[in-house]
Structures are given as structure tokens and as C-alpha cells.
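Dropping start_35.pdb in here (PDB, C-alpha atoms and all ligand atoms):
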```pdb
ATOM      1  CA  MET D   1      -6.343 -27.578 -16.814
ATOM      2  CA  ASP D   2      -5.470 -24.380 -18.674
ATOM      3  CA  TYR D   3      -8.266 -21.933 -17.803
ATOM      4  CA  GLN D   4      -7.245 -19.198 -20.246
ATOM      5  CA  PRO D   5      -9.223 -20.430 -23.281
ATOM      6  CA  LEU D   6     -12.303 -20.786 -21.094
ATOM      7  CA  LEU D   7     -11.920 -17.232 -19.806
ATOM      8  CA  HIS D   8     -11.722 -15.918 -23.381
ATOM      9  CA  LYS D   9     -14.792 -17.920 -24.317
ATOM     10  CA  ILE D  10     -16.700 -16.509 -21.340
ATOM     11  CA  ARG D  11     -15.708 -12.957 -22.272
ATOM     12  CA  LYS D  12     -17.003 -13.493 -25.797
ATOM     13  CA  GLU D  13     -20.293 -15.022 -24.727
ATOM     14  CA  ILE D  14     -21.172 -12.382 -22.155
ATOM     15  CA  GLU D  15     -20.593  -9.568 -24.662
ATOM     16  CA  ILE D  16     -24.346  -9.588 -25.377
ATOM     17  CA  TYR D  17     -24.887  -8.138 -21.885
ATOM     18  CA  ALA D  18     -22.240  -5.435 -22.292
ATOM     19  CA  HIS D  19     -24.727  -2.570 -22.408
ATOM     20  CA  ASP D  20     -27.298  -3.823 -19.922
ATOM     21  CA  GLY D  21     -27.689  -1.964 -16.640
ATOM     22  CA  LYS D  22     -25.762   1.073 -15.497
ATOM     23  CA  GLN D  23     -23.180   1.984 -12.907
ATOM     24  CA  ALA D  24     -24.242   3.089  -9.424
ATOM     25  CA  ASP D  25     -24.934   6.795  -9.437
ATOM     26  CA  TYR D  26     -26.277   7.467  -5.945
ATOM     27  CA  ILE D  27     -22.670   8.116  -4.931
ATOM     28  CA  PRO D  28     -21.641  10.884  -7.366
ATOM     29  CA  ALA D  29     -18.023   9.660  -7.674
ATOM     30  CA  LEU D  30     -19.186   6.238  -8.905
ATOM     31  CA  ALA D  31     -21.338   7.806 -11.622
ATOM     32  CA  ASN D  32     -18.157   9.092 -13.313
ATOM     33  CA  VAL D  33     -16.635   5.644 -13.834
ATOM     34  CA  ASN D  34     -16.431   4.398 -17.433
ATOM     35  CA  PRO D  35     -19.105   1.660 -17.365
ATOM     36  CA  ASP D  36     -17.642  -0.292 -20.281
ATOM     37  CA  GLN D  37     -14.811  -1.982 -18.465
ATOM     38  CA  PHE D  38     -14.454  -5.627 -17.613
ATOM     39  CA  GLY D  39     -11.775  -7.467 -15.686
ATOM     40  CA  LEU D  40     -11.372 -10.902 -14.190
ATOM     41  CA  CYS D  41      -8.710 -12.696 -12.197
ATOM     42  CA  LEU D  42      -8.616 -16.321 -11.111
ATOM     43  CA  ASP D  43      -6.159 -17.456  -8.438
ATOM     44  CA  LEU D  44      -5.680 -21.174  -7.878
ATOM     45  CA  LEU D  45      -4.472 -22.853  -4.738
ATOM     46  CA  ASP D  46      -1.415 -24.198  -6.581
ATOM     47  CA  GLY D  47      -0.230 -20.624  -7.217
ATOM     48  CA  ARG D  48      -1.352 -20.217 -10.820
ATOM     49  CA  THR D  49      -3.111 -16.961 -11.788
ATOM     50  CA  TYR D  50      -5.220 -16.317 -14.882
ATOM     51  CA  ARG D  51      -6.175 -12.806 -15.964
ATOM     52  CA  LEU D  52      -8.611 -11.323 -18.411
ATOM     53  CA  GLY D  53      -9.306  -7.780 -19.646
ATOM     54  CA  ASP D  54      -8.983  -4.949 -17.140
ATOM     55  CA  SER D  55      -7.841  -7.285 -14.359
ATOM     56  CA  ASP D  56      -5.226  -4.806 -13.108
ATOM     57  CA  VAL D  57      -7.446  -1.702 -13.111
ATOM     58  CA  LYS D  58      -8.297  -0.482  -9.629
ATOM     59  CA  PHE D  59     -11.914   0.277  -8.793
ATOM     60  CA  SER D  60     -13.963   1.169  -5.744
ATOM     61  CA  ILE D  61     -14.501  -2.001  -3.709
ATOM     62  CA  GLN D  62     -17.453  -0.518  -1.759
ATOM     63  CA  SER D  63     -19.296  -3.274   0.115
ATOM     64  CA  ILE D  64     -16.543  -5.827  -0.449
ATOM     65  CA  ALA D  65     -14.767  -3.898   2.321
ATOM     66  CA  LYS D  66     -17.379  -5.299   4.709
ATOM     67  CA  VAL D  67     -15.702  -8.715   4.570
ATOM     68  CA  PHE D  68     -12.404  -7.226   5.724
ATOM     69  CA  SER D  69     -14.000  -5.176   8.495
ATOM     70  CA  LEU D  70     -15.937  -8.241   9.644
ATOM     71  CA  ALA D  71     -12.705 -10.277   9.798
ATOM     72  CA  ILE D  72     -11.110  -7.591  11.968
ATOM     73  CA  ALA D  73     -14.145  -7.040  14.234
ATOM     74  CA  LEU D  74     -14.543 -10.790  14.724
ATOM     75  CA  SER D  75     -10.918 -11.087  15.756
ATOM     76  CA  ILE D  76     -11.410  -8.261  18.252
ATOM     77  CA  LEU D  77     -14.703  -9.304  19.855
ATOM     78  CA  GLY D  78     -14.917 -13.012  19.079
ATOM     79  CA  LYS D  79     -18.371 -14.488  19.635
ATOM     80  CA  ASP D  80     -19.521 -11.351  21.444
ATOM     81  CA  LEU D  81     -19.839  -9.673  18.057
ATOM     82  CA  TRP D  82     -23.013 -11.730  17.499
ATOM     83  CA  LYS D  83     -24.669 -10.041  20.468
ATOM     84  CA  ARG D  84     -24.663  -6.860  18.383
ATOM     85  CA  ILE D  85     -25.145  -8.221  14.832
ATOM     86  CA  GLY D  86     -27.173 -11.179  13.513
ATOM     87  CA  LYS D  87     -26.156 -13.698  10.878
ATOM     88  CA  GLU D  88     -29.317 -14.207   8.867
ATOM     89  CA  PRO D  89     -30.031 -12.963   5.341
ATOM     90  CA  SER D  90     -32.039  -9.768   5.460
ATOM     91  CA  GLY D  91     -34.344 -10.295   2.479
ATOM     92  CA  SER D  92     -34.386  -6.540   2.044
ATOM     93  CA  ALA D  93     -32.219  -3.837   0.479
ATOM     94  CA  PHE D  94     -28.698  -3.324   1.822
ATOM     95  CA  ASN D  95     -29.585   0.115   3.122
ATOM     96  CA  SER D  96     -33.054  -0.623   4.480
ATOM     97  CA  LEU D  97     -34.151   1.119   7.669
ATOM     98  CA  VAL D  98     -37.440  -0.693   8.201
ATOM     99  CA  GLN D  99     -36.110  -4.031   9.396
ATOM    100  CA  LEU D 100     -33.675  -2.369  11.754
ATOM    101  CA  GLU D 101     -36.545  -0.562  13.412
ATOM    102  CA  TYR D 102     -38.615  -3.734  13.836
ATOM    103  CA  GLU D 103     -35.637  -5.579  15.218
ATOM    104  CA  HIS D 104     -34.737  -2.934  17.785
ATOM    105  CA  GLY D 105     -31.421  -1.857  16.357
ATOM    106  CA  LYS D 106     -29.779  -5.266  15.878
ATOM    107  CA  PRO D 107     -28.738  -5.537  12.209
ATOM    108  CA  ARG D 108     -29.582  -8.809  10.484
ATOM    109  CA  ASN D 109     -26.023  -9.450   9.321
ATOM    110  CA  PRO D 110     -22.615  -7.758   8.944
ATOM    111  CA  PHE D 111     -22.991  -7.208   5.181
ATOM    112  CA  ILE D 112     -25.983  -4.899   5.166
ATOM    113  CA  ASN D 113     -25.049  -1.293   5.836
ATOM    114  CA  ALA D 114     -26.419  -1.354   9.389
ATOM    115  CA  GLY D 115     -24.229  -4.358  10.247
ATOM    116  CA  ALA D 116     -21.159  -2.812   8.640
ATOM    117  CA  LEU D 117     -21.730   0.405  10.598
ATOM    118  CA  VAL D 118     -21.604  -1.690  13.773
ATOM    119  CA  THR D 119     -18.361  -3.413  12.688
ATOM    120  CA  ALA D 120     -16.907   0.040  11.916
ATOM    121  CA  ASP D 121     -17.948   1.080  15.426
ATOM    122  CA  VAL D 122     -16.093  -1.941  16.883
ATOM    123  CA  LEU D 123     -12.941  -0.955  14.982
ATOM    124  CA  LEU D 124     -13.243   2.615  16.275
ATOM    125  CA  SER D 125     -13.665   1.457  19.869
ATOM    126  CA  HIS D 126     -10.769  -0.987  19.922
ATOM    127  CA  LEU D 127      -8.074   0.200  17.522
ATOM    128  CA  GLU D 128      -5.822   3.136  18.118
ATOM    129  CA  ASN D 129      -5.793   4.139  14.474
ATOM    130  CA  PRO D 130      -8.559   2.190  12.719
ATOM    131  CA  LYS D 131      -8.145   3.859   9.330
ATOM    132  CA  GLU D 132      -4.431   2.990   9.146
ATOM    133  CA  PHE D 133      -4.983  -0.453  10.634
ATOM    134  CA  PHE D 134      -7.650  -1.283   8.070
ATOM    135  CA  ILE D 135      -5.623  -0.267   5.011
ATOM    136  CA  GLU D 136      -2.543  -2.107   6.289
ATOM    137  CA  PHE D 137      -4.667  -5.207   6.826
ATOM    138  CA  VAL D 138      -5.992  -4.972   3.250
ATOM    139  CA  ARG D 139      -2.505  -4.407   1.811
ATOM    140  CA  THR D 140      -1.149  -7.407   3.670
ATOM    141  CA  ILE D 141      -3.974  -9.788   2.841
ATOM    142  CA  ALA D 142      -3.786  -8.762  -0.843
ATOM    143  CA  GLY D 143       0.013  -8.846  -0.871
ATOM    144  CA  ASN D 144       0.152  -5.385  -2.453
ATOM    145  CA  PRO D 145       1.433  -2.297  -0.610
ATOM    146  CA  ASP D 146       0.078  -0.099  -3.412
ATOM    147  CA  ILE D 147      -3.560  -0.079  -2.240
ATOM    148  CA  HIS D 148      -5.135   3.183  -1.072
ATOM    149  CA  TYR D 149      -8.307   4.920  -0.024
ATOM    150  CA  SER D 150      -9.912   7.320  -2.463
ATOM    151  CA  GLU D 151     -10.437  10.590  -0.644
ATOM    152  CA  ALA D 152     -12.671  11.782  -3.501
ATOM    153  CA  THR D 153     -14.990   8.747  -3.280
ATOM    154  CA  MET D 154     -15.112   8.960   0.494
ATOM    155  CA  GLN D 155     -16.026  12.666   0.410
ATOM    156  CA  SER D 156     -18.533  12.035  -2.346
ATOM    157  CA  GLU D 157     -20.284   9.347  -0.303
ATOM    158  CA  LEU D 158     -20.237  11.476   2.844
ATOM    159  CA  SER D 159     -21.807  14.360   0.952
ATOM    160  CA  CYS D 160     -24.995  12.365   0.347
ATOM    161  CA  CYS D 161     -25.101   9.589   2.960
ATOM    162  CA  TYR D 162     -28.500  10.550   4.355
ATOM    163  CA  LEU D 163     -29.747   6.975   4.501
ATOM    164  CA  ASN D 164     -26.608   5.620   6.148
ATOM    165  CA  ALA D 165     -26.776   8.519   8.614
ATOM    166  CA  SER D 166     -30.384   7.602   9.421
ATOM    167  CA  ILE D 167     -29.341   3.997  10.010
ATOM    168  CA  ALA D 168     -26.482   5.121  12.227
ATOM    169  CA  TYR D 169     -28.772   7.321  14.336
ATOM    170  CA  LEU D 170     -31.251   4.464  14.723
ATOM    171  CA  LEU D 171     -28.415   2.196  15.864
ATOM    172  CA  LYS D 172     -27.296   4.889  18.263
ATOM    173  CA  HIS D 173     -30.833   5.263  19.599
ATOM    174  CA  HIS D 174     -30.845   1.537  20.389
ATOM    175  CA  GLY D 175     -27.467   1.696  22.096
ATOM    176  CA  ASN D 176     -25.788  -0.352  19.350
ATOM    177  CA  LEU D 177     -23.323   2.346  18.301
ATOM    178  CA  HIS D 178     -20.810   3.404  20.922
ATOM    179  CA  ASN D 179     -18.939   6.124  19.059
ATOM    180  CA  ASP D 180     -19.929   9.431  17.593
ATOM    181  CA  VAL D 181     -22.204   8.945  14.551
ATOM    182  CA  ASP D 182     -20.089  11.166  12.284
ATOM    183  CA  ASP D 183     -16.919   9.279  13.178
ATOM    184  CA  VAL D 184     -18.575   5.928  12.393
ATOM    185  CA  LEU D 185     -19.953   7.194   9.072
ATOM    186  CA  ARG D 186     -16.556   8.579   8.120
ATOM    187  CA  LEU D 187     -14.699   5.344   8.890
ATOM    188  CA  TYR D 188     -17.368   3.249   7.144
ATOM    189  CA  SER D 189     -17.262   5.389   3.971
ATOM    190  CA  THR D 190     -13.474   5.486   4.071
ATOM    191  CA  MET D 191     -13.309   1.679   4.133
ATOM    192  CA  CYS D 192     -15.802   1.484   1.231
ATOM    193  CA  SER D 193     -13.631   3.902  -0.784
ATOM    194  CA  VAL D 194     -10.629   1.542  -0.980
ATOM    195  CA  GLU D 195      -9.557   0.895  -4.561
ATOM    196  CA  MET D 196      -8.367  -2.546  -5.610
ATOM    197  CA  SER D 197      -8.076  -4.477  -8.863
ATOM    198  CA  CYS D 198      -9.467  -7.930  -9.599
ATOM    199  CA  GLU D 199      -5.919  -9.216  -9.135
ATOM    200  CA  ASP D 200      -5.746  -7.657  -5.651
ATOM    201  CA  LEU D 201      -9.143  -9.028  -4.679
ATOM    202  CA  ALA D 202      -8.574 -12.562  -5.955
ATOM    203  CA  HIS D 203      -5.304 -12.605  -4.069
ATOM    204  CA  ALA D 204      -6.864 -11.236  -0.869
ATOM    205  CA  PHE D 205      -9.699 -13.746  -0.900
ATOM    206  CA  MET D 206      -7.314 -16.671  -1.174
ATOM    207  CA  ALA D 207      -7.077 -16.159   2.599
ATOM    208  CA  PHE D 208     -10.694 -17.342   2.780
ATOM    209  CA  ALA D 209     -10.048 -20.248   0.400
ATOM    210  CA  LYS D 210      -6.869 -21.523   2.058
ATOM    211  CA  SER D 211      -8.092 -22.646   5.439
ATOM    212  CA  ASN D 212      -5.067 -24.946   5.845
ATOM    213  CA  GLU D 213      -2.770 -21.893   5.998
ATOM    214  CA  PRO D 214      -4.461 -19.455   8.396
ATOM    215  CA  PHE D 215      -3.779 -15.812   7.571
ATOM    216  CA  SER D 216      -2.656 -13.629  10.427
ATOM    217  CA  HIS D 217      -1.847  -9.915  10.604
ATOM    218  CA  ALA D 218      -1.329  -7.709  13.675
ATOM    219  CA  GLY D 219      -3.561  -9.825  15.892
ATOM    220  CA  VAL D 220      -6.222 -10.515  13.255
ATOM    221  CA  ASN D 221      -6.272 -14.264  12.862
ATOM    222  CA  LEU D 222      -8.304 -15.952  10.183
ATOM    223  CA  THR D 223      -8.504 -19.285  11.944
ATOM    224  CA  VAL D 224     -10.160 -22.271  10.275
ATOM    225  CA  SER D 225     -13.278 -21.742  12.356
ATOM    226  CA  ARG D 226     -13.432 -18.008  11.647
ATOM    227  CA  VAL D 227     -12.999 -18.561   7.899
ATOM    228  CA  LYS D 228     -15.809 -21.098   8.024
ATOM    229  CA  ARG D 229     -18.115 -18.539   9.678
ATOM    230  CA  ILE D 230     -17.185 -15.696   7.333
ATOM    231  CA  ASN D 231     -17.617 -17.899   4.248
ATOM    232  CA  ALA D 232     -21.031 -19.004   5.514
ATOM    233  CA  ILE D 233     -22.125 -15.393   5.857
ATOM    234  CA  MET D 234     -20.753 -14.590   2.402
ATOM    235  CA  GLN D 235     -22.803 -17.473   1.025
ATOM    236  CA  THR D 236     -26.057 -16.441   2.677
ATOM    237  CA  CYS D 237     -25.730 -12.644   2.799
ATOM    238  CA  GLY D 238     -23.018 -11.597   0.354
ATOM    239  CA  PHE D 239     -25.144 -10.401  -2.563
ATOM    240  CA  TYR D 240     -27.688  -7.960  -1.225
ATOM    241  CA  ASP D 241     -31.187  -9.233  -1.760
ATOM    242  CA  GLU D 242     -29.907 -11.648  -4.395
ATOM    243  CA  ALA D 243     -27.909 -14.109  -2.299
ATOM    244  CA  GLY D 244     -30.318 -16.920  -3.150
ATOM    245  CA  GLU D 245     -30.067 -16.182  -6.867
ATOM    246  CA  PHE D 246     -26.278 -16.036  -6.688
ATOM    247  CA  ALA D 247     -26.144 -19.382  -4.850
ATOM    248  CA  PHE D 248     -28.494 -20.821  -7.463
ATOM    249  CA  LEU D 249     -26.667 -19.492 -10.523
ATOM    250  CA  VAL D 250     -23.041 -19.479  -9.357
ATOM    251  CA  GLY D 251     -22.858 -21.594  -6.208
ATOM    252  CA  LEU D 252     -19.941 -19.990  -4.389
ATOM    253  CA  PRO D 253     -19.584 -17.864  -1.261
ATOM    254  CA  GLY D 254     -18.575 -14.322  -2.134
ATOM    255  CA  LYS D 255     -19.265 -10.625  -1.850
ATOM    256  CA  SER D 256     -20.272  -7.920  -4.264
ATOM    257  CA  GLY D 257     -20.056  -4.139  -4.130
ATOM    258  CA  VAL D 258     -21.867  -1.327  -5.919
ATOM    259  CA  GLY D 259     -18.579  -0.412  -7.611
ATOM    260  CA  GLY D 260     -19.312  -3.456  -9.822
ATOM    261  CA  GLY D 261     -16.846  -5.847  -8.216
ATOM    262  CA  ILE D 262     -17.655  -9.414  -7.205
ATOM    263  CA  VAL D 263     -15.236 -11.768  -5.499
ATOM    264  CA  ALA D 264     -16.037 -15.401  -4.806
ATOM    265  CA  LEU D 265     -14.162 -18.476  -3.684
ATOM    266  CA  TYR D 266     -14.178 -22.229  -3.639
ATOM    267  CA  PRO D 267     -12.634 -23.430  -0.349
ATOM    268  CA  SER D 268      -9.321 -25.228  -0.861
ATOM    269  CA  ARG D 269      -9.449 -24.609  -4.645
ATOM    270  CA  TYR D 270      -9.584 -21.079  -5.983
ATOM    271  CA  SER D 271     -10.675 -17.500  -5.618
ATOM    272  CA  ILE D 272     -12.039 -15.448  -8.479
ATOM    273  CA  ALA D 273     -12.692 -11.734  -8.806
ATOM    274  CA  VAL D 274     -14.592 -10.028 -11.575
ATOM    275  CA  TRP D 275     -15.443  -6.400 -12.229
ATOM    276  CA  SER D 276     -17.801  -4.620 -14.540
ATOM    277  CA  PRO D 277     -19.541  -1.438 -13.343
ATOM    278  CA  ARG D 278     -22.983  -1.922 -14.901
ATOM    279  CA  LEU D 279     -25.332  -3.199 -12.202
ATOM    280  CA  ASN D 280     -28.709  -4.925 -12.145
ATOM    281  CA  SER D 281     -31.611  -3.593 -10.092
ATOM    282  CA  LYS D 282     -30.353  -5.403  -6.971
ATOM    283  CA  GLY D 283     -26.927  -3.754  -7.144
ATOM    284  CA  ASN D 284     -24.881  -6.649  -8.529
ATOM    285  CA  SER D 285     -22.676  -6.471 -11.623
ATOM    286  CA  ILE D 286     -24.553  -7.957 -14.589
ATOM    287  CA  MET D 287     -21.534  -9.152 -16.584
ATOM    288  CA  GLY D 288     -19.829 -10.194 -13.368
ATOM    289  CA  MET D 289     -22.659 -12.515 -12.411
ATOM    290  CA  LYS D 290     -22.916 -13.914 -15.934
ATOM    291  CA  ALA D 291     -19.175 -14.561 -16.068
ATOM    292  CA  LEU D 292     -19.183 -16.385 -12.744
ATOM    293  CA  GLU D 293     -22.259 -18.399 -13.649
ATOM    294  CA  MET D 294     -20.562 -19.550 -16.859
ATOM    295  CA  PHE D 295     -17.302 -20.238 -15.052
ATOM    296  CA  THR D 296     -18.798 -22.580 -12.450
ATOM    297  CA  SER D 297     -21.114 -24.212 -15.010
ATOM    298  CA  GLU D 298     -18.366 -24.907 -17.554
ATOM    299  CA  THR D 299     -15.790 -26.063 -15.011
ATOM    300  CA  GLU D 300     -18.384 -27.860 -12.865
ATOM    301  CA  GLU D 301     -16.564 -26.322  -9.946
ATOM    302  CA  SER D 302     -19.167 -24.862  -7.647
ATOM    303  CA  ILE D 303     -19.533 -25.912  -4.023
ATOM    304  CA  PHE D 304     -22.895 -27.541  -4.739
TER     305      PHE D 304
HETATM  306  N1  LIG R 401     -20.665   2.735   0.461
HETATM  307  C1  LIG R 401     -21.846   2.152  -0.091
HETATM  308  C2  LIG R 401     -23.085   2.541   0.693
HETATM  309  O1  LIG R 401     -23.047   2.588   1.871
HETATM  310  C3  LIG R 401     -21.661   0.660  -0.114
HETATM  311  C4  LIG R 401     -22.782   0.022  -0.822
HETATM  312  C5  LIG R 401     -22.456  -1.295  -1.404
HETATM  313  O2  LIG R 401     -21.477  -1.521  -2.105
HETATM  314  O3  LIG R 401     -23.299  -2.144  -1.145
HETATM  315  O4  LIG R 401     -24.089   2.819   0.154
END
```
As a first step, turn the structure in this file into C-alpha cells.
Amino acid sequence: MDYQPLLHKIRKEIEIYAHDGKQADYIPALANVNPDQFGLCLDLLDGRTYRLGDSDVKFSIQSIAKVFSLAIALSILGKDLWKRIGKEPSGSAFNSLVQLEYEHGKPRNPFINAGALVTADVLLSHLENPKEFFIEFVRTIAGNPDIHYSEATMQSELSCCYLNASIAYLLKHHGNLHNDVDDVLRLYSTMCSVEMSCEDLAHAFMAFAKSNEPFSHAGVNLTVSRVKRINAIMQTCGFYDEAGEFAFLVGLPGKSGVGGGIVALYPSRYSIAVWSPRLNSKGNSIMGMKALEMFTSETEESIF
């Protein structure tokens, strides 16, 4: 099937949502992004790639970075990681403190901020140069050496990360953060500041769609079993407090970020990344969700 006409049709039909929502502004650097951009990239298992709009424009991946840091932390600690982080949906906001307090400092899952702060802590404890290791991992998995951190976005997030700092101190209080709080916050925000395009992301997430060809880089092995676990967590926890809605409307495992990116995959078939900065009240890209919903409905290619 030639997907290009379908992608053009989707772009046309979602135009009615083009001015709904607004870009994240709680991180000052994200507030400056032009909200009227839209890109999409579809990578198929057979090697074909389809692109639409601003598919090659790099944007802040934000929480999508949590999938990469989980893959690395899981390779380092194996099953022991689950002693420090749960794997259940949180049913609350990605930066909520309340649940963490009730649950004595064990984050519900690796994709809420508390969980990602713990994975950042694992990277800090076990890697000689976690910042370099992380970006090299991302470059390799995406097949693009031209991927970088944004110092400006990282600094901007650090300048106002009061909630993440509160979460980190609560984790520290419960003995679930082994490194210095400032170092963990810095590494976490640095990983969130990585800039990638839809093309980079679709390519990177093929590693989670191609379980027959396990990806491996510098000791990080995405084995079949590990990919199964990570995809399961993407399915149940990948979309903030909207994972149920995303499963219902789109029906694919994936991950979103407040930069407006969403990447999703169908195991053994395709990966698809979409970006549009205007978000709904839950923090997910409005046009991104609409585009993916139309894509899986029209192609009848969702995992359900
Ligand atoms: N760096 C962002 C934060 O910690 C990530 C949020 C996101 O994309 O969910 O607030």
C-alpha cells in the first residue's frame, strides 16, 4: 500500500484542530516555539519511509527521552529496577507529588517524572559519563549522529523546576535517590532537552517494533523480552493521565512529550512519529493524537 495519499488526507482533515490548544509554557524555552508546525514520519518494517510536513524539523523530545533512559537503566539493573520503580499507570499528573508520598517514595512507573528521576539516578550511579552515553545511545538508535542536547532548553527547565526538585527531595528522603539531587535534576533535564525530528524518532522507535532484530549499543541490549516489557509500559503509561484514551482512540504503544511529539509503534509492522506543539489539557499534542487516531482507523492497523 502507498501510504502517502492517506497521510495527505489526514493532514487535510485535522486542519480544523490547527488552532486548538497551546504549546507548553511552564518551561520558558518551550513557550517560544512556533505552535503552528506539524510533521509526521512513518517507518515500515520493509524499509519504506513516508514523510509529511515538518517531518525533518527538530523539536524538544521532553518526556519521550524517558523511554531511552528506561531502556538503558533496565539493561544496567535488570529486574532489580522494579524494586525501585513500579509498572502501573499512575492515574494522576506526570509531575504529581501526592501519590509518591502515599507510596513511600516508590514511583508508580518509569514515565512519570518521579520514575524518570530514578532512572536518571541509575544512569548516574553506573555510567562513567551518563550525559555522553545517553546522547550516543540516542544517536545510534536513531541512526543519526546529528542529534544534540539543547543547552538553552535544559537551563530553562532547571531555572523553574521547583516541582521536579520537590519530587527529587521526596525520593531522596525515602532513600530512592542515591546521587546528589542537583546532579539528578541536571541529568534528567538534559535528557529531556534532546532535539529530534519525527524522522529521527520514527527511526529510533523501529528498535521497539523490530523484536526479531534486537538492537544493541555499548552493553544496552533491547532483547525480545525487554522490548516486550518496555512496549507494555508505553501502552499503559505512555500518555500521562490519558493512556486509556490513547489506547481507545489510537490503539498503539507509544510515548508523548510536552514538546508536542508523539511516537507510537505496531510491533513487527511500523513506527510512526508525529509532532505538533499545541497540547490538550493532559499535555498531549492535539493534532498528533487526531492524526494517529485517523491513521490507525483508516488503515485498520492498530494492535487491537
Ligand atoms: N522536562 C519535562 C518536565 O519534567 C518533561 C515533561 C514531559 O514531557 O512530560 O516537566
Worksheet item: Taking the file as shown, what set of residues would the PyMOL selection byres (((chain D and resi 145-155) around 6) and not hetatm) give back, as a list of chain:residue names?
Response: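 That selection, the PyMOL selection byres (((chain D and resi 145-155) around 6) and not hetatm), comes back as D:Ala29, D:Arg139, D:Asn144, D:Ser156, D:Glu157, D:Leu158, D:Ser189, D:Thr190, D:Ser193, D:Val194.
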Worksheet item: With all atoms listed in the file as the atoms that count, which of D:Val138, D:Phe68, D:Thr296, D:Ser90 lies nearest to D:Gly244?
Response: D:Ser90
Discussion item. Could you list, as number ranges by chain, every residue within 9 Å of stretch 248-260 of chain D, counting all atoms listed in the file and ignoring same-chain residues fewer than 2 positions away?
Written reply: D: 23-24, 30, 33, 59-67, 111, 192, 205, 231-240, 243-246, 262-267, 274-279, 283-286, 288-290, 292-297, 301-304
Padding of 5 Å on every side, edges along x, y and z, all listed atoms of stretch 3-11 of chain D included: what centre and edge lengths in Å, to one decimal, does that box have, as JSON?
```
{"center_x": -12.0, "center_y": -17.4, "center_z": -21.1, "size_x": 19.5, "size_y": 19.0, "size_z": 16.5}
```
Worksheet item: For the atom pair atom CA of D:Ser75 and atom CA of D:His174, what is the interatomic distance in Å to one decimal place?
Response: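 Computing it gives 24.0 Å between the two atoms.
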Discussion item. When the PyMOL selection byres (((chain D and resi 92) around 10) and not hetatm) is applied to the structure above, which residues does it catch, written out as a PyMOL selection string?
Written reply: chain D and resi 89-91+93-99+108+112+240-242+282
Practice prompt. Calculate how many Å separate atom CA of D:Asp2 from atom CA of D:Ile14, rounding to one decimal.
Written response: 20.1 Å
Item to complete: Could you give me, as a ChimeraX atom specification, the residues within 10 Å of D:His217, counting all atoms listed in the file and dropping anything in the same chain fewer than 3 positions from it?
Response: /D:72,133,136-138,140-141,220-222
Discussion item. Please determine, counting all atoms listed in the file, which residue among D:Leu187, D:Ala218, D:Ala247, D:Ile85 has the shortest atom-to-atom distance to ligand LIG 401 (chain R).
Written reply: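 Selected residue with least distance to ligand LIG 401 (chain R): D:Leu187.
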Item to complete: Go through D:Gln37, D:Asn113, D:Ser281, D:Thr49 and flag the residue nearest ligand LIG 401 (chain R), using all atoms listed in the file for the distances.
Response: D:Asn113
Worksheet entry | Resolved residues for the PyMOL selection byres (((chain D and resi 211) around 8) and not hetatm) as a list of chain:residue names | D:Ala207, D:Phe208, D:Ala209, D:Lys210, D:Asn212, D:Glu213, D:Pro214, D:Thr223, D:Val224, D:Val227, D:Pro267, D:Ser268
